[in-house]
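Q: Just dropping this structure here.
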Amino acid sequence: MQQDLHSVQWRIIELQIEHRDLDYLIDKLLTEPTYDELQVSRLKKRRLKIKDTITLLQVQQTPDQPA
């Protein structure tokens with residue numbers, strides 16, 4: 001069980017790094033005078049999917065609170 005928690009935490013960290021890298025890349029592309037809108041759109045969708053996955057993993061880690 002403890003090993004599973006560590007692997008989930010590592011996965012969250014990896015996804016957060018990838019999300020941050022995509023933020024940087026998107027910002028960089030948007031500053032270029034002629035950027036590929038399709039590429040930026042795909043990167044934004046990928047970034048959103050990563051954010052959703054991070055949120056899902058974090059929710060799964062949170063223990064249920066008794067009512």
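By convention in this document, the chains of the structure tokens carry letters A, B, ... by their order, each chain's residues are numbered from 1, and ligands are numbered from 1 in the order they are shown.
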Report as a tab-separated table (two decimals) with C-alpha atoms, in the first residue's frame all protein, DNA and RNA residues lying within 9 Å of Arg47 of chain A, evaluated on only C-alpha atoms, omitting residues in the same chain fewer than 3 positions from it.
A:
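Below is the file that was written, selection.tsv:
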chain	number	residue	atom	x	y	z
A	18	GLU	CA	4.87	17.94	-17.98
A	19	HIS	CA	2.02	20.43	-17.40
A	20	ARG	CA	4.50	23.17	-16.53
A	22	LEU	CA	3.49	22.59	-21.81
A	23	ASP	CA	2.63	25.96	-20.24
A	42	ARG	CA	-3.50	20.34	-29.48
A	43	LEU	CA	-1.00	21.36	-26.82
A	44	LYS	CA	-3.75	23.09	-24.84
A	50	ILE	CA	-2.89	16.27	-17.87
A	51	LYS	CA	-4.50	18.69	-15.40
A	52	ASP	CA	-7.61	16.49	-15.22
Q: In Å, with one decimal, what is the gap from atom CA of Lys28 of chain A to atom CA of Gln16 of chain A?
A: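 Atom CA of Gln16 of chain A lies at a distance of 18.4 Å from atom CA of Lys28 of chain A.
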Q: Could you please write out, as a PyMOL selection string, every residue of chain A that DSSP assigns to helix (DSSP H, G or I)?
A: chain A and resi 2-31+37-61
Q: Can you pull out the residues contacting Gln60 of chain A? Cut-off 10 Å, using only C-alpha atoms, and skip same-chain residues under 5 positions away; I want them as a VMD selection string.
A: chain A and resid 8 54 to 55
Q: Could the residues in this selection be written to a file with all heavy atoms, as an mmCIF file, in the first residue's frame?
A:
data_model
loop_
_atom_site.group_PDB
_atom_site.id
_atom_site.type_symbol
_atom_site.label_atom_id
_atom_site.label_comp_id
_atom_site.auth_asym_id
_atom_site.auth_seq_id
_atom_site.Cartn_x
_atom_site.Cartn_y
_atom_site.Cartn_z
ATOM 1 N N VAL A 8 2.036 6.753 -6.938
ATOM 2 C CA VAL A 8 1.016 7.731 -7.341
ATOM 3 C C VAL A 8 1.561 9.140 -7.143
ATOM 4 O O VAL A 8 1.381 10.011 -8.015
ATOM 5 C CB VAL A 8 -0.295 7.529 -6.548
ATOM 6 C CG1 VAL A 8 -1.275 8.654 -6.794
ATOM 7 C CG2 VAL A 8 -0.930 6.187 -6.901
ATOM 8 N N ILE A 54 -4.137 14.833 -13.109
ATOM 9 C CA ILE A 54 -3.542 15.221 -11.824
ATOM 10 C C ILE A 54 -4.627 15.344 -10.765
ATOM 11 O O ILE A 54 -4.501 14.812 -9.666
ATOM 12 C CB ILE A 54 -2.762 16.550 -11.960
ATOM 13 C CG1 ILE A 54 -1.521 16.359 -12.814
ATOM 14 C CG2 ILE A 54 -2.393 17.109 -10.582
ATOM 15 C CD1 ILE A 54 -0.831 17.654 -13.208
ATOM 16 N N THR A 55 -5.697 16.028 -11.112
ATOM 17 C CA THR A 55 -6.806 16.221 -10.172
ATOM 18 C C THR A 55 -7.407 14.888 -9.757
ATOM 19 O O THR A 55 -7.670 14.652 -8.570
ATOM 20 C CB THR A 55 -7.887 17.121 -10.797
ATOM 21 O OG1 THR A 55 -7.294 18.370 -11.152
ATOM 22 C CG2 THR A 55 -9.026 17.363 -9.820
#
Q: Give me the residues within 12 Å of Leu29 of chain A as number ranges by chain, counting only C-alpha atoms and dropping any in the same chain fewer than 4 places off.
A: A: 22-25, 33-41, 43-44
Q: Excluding Arg11 of chain A and residues on its chain fewer than 5 positions from it, collect all residues at most 10 Å away from it, counting only C-alpha atoms, and give them as a PyMOL selection string.
A: chain A and resi 5-6+16-17+53-54+57
Q: Those residues with N, CA, C and O atoms, as a CSV table (one decimal), in the first residue's frame please?
A:
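Result saved to part22.csv:
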chain,number,residue,atom,x,y,z
A,5,LEU,N,1.2,4.4,-2.9
A,5,LEU,CA,1.1,5.8,-2.6
A,5,LEU,C,2.3,6.6,-3.2
A,5,LEU,O,2.2,7.6,-3.8
A,6,HIS,N,3.5,6.0,-3.0
A,6,HIS,CA,4.7,6.7,-3.5
A,6,HIS,C,4.7,6.7,-5.0
A,6,HIS,O,5.0,7.7,-5.6
A,16,GLN,N,2.8,17.0,-13.2
A,16,GLN,CA,2.9,18.5,-12.9
A,16,GLN,C,4.1,19.1,-13.7
A,16,GLN,O,4.0,20.2,-14.2
A,17,ILE,N,5.2,18.3,-13.8
A,17,ILE,CA,6.3,18.8,-14.6
A,17,ILE,C,6.0,18.9,-16.1
A,17,ILE,O,6.3,19.9,-16.7
A,53,THR,N,-6.0,14.6,-15.1
A,53,THR,CA,-5.5,13.4,-14.6
A,53,THR,C,-4.8,13.7,-13.2
A,53,THR,O,-5.0,12.9,-12.3
A,54,ILE,N,-4.1,14.8,-13.1
A,54,ILE,CA,-3.5,15.2,-11.8
A,54,ILE,C,-4.6,15.3,-10.8
A,54,ILE,O,-4.5,14.8,-9.7
A,57,LEU,N,-6.0,11.9,-9.7
A,57,LEU,CA,-5.0,11.2,-8.9
A,57,LEU,C,-5.0,11.8,-7.5
A,57,LEU,O,-4.9,11.1,-6.5
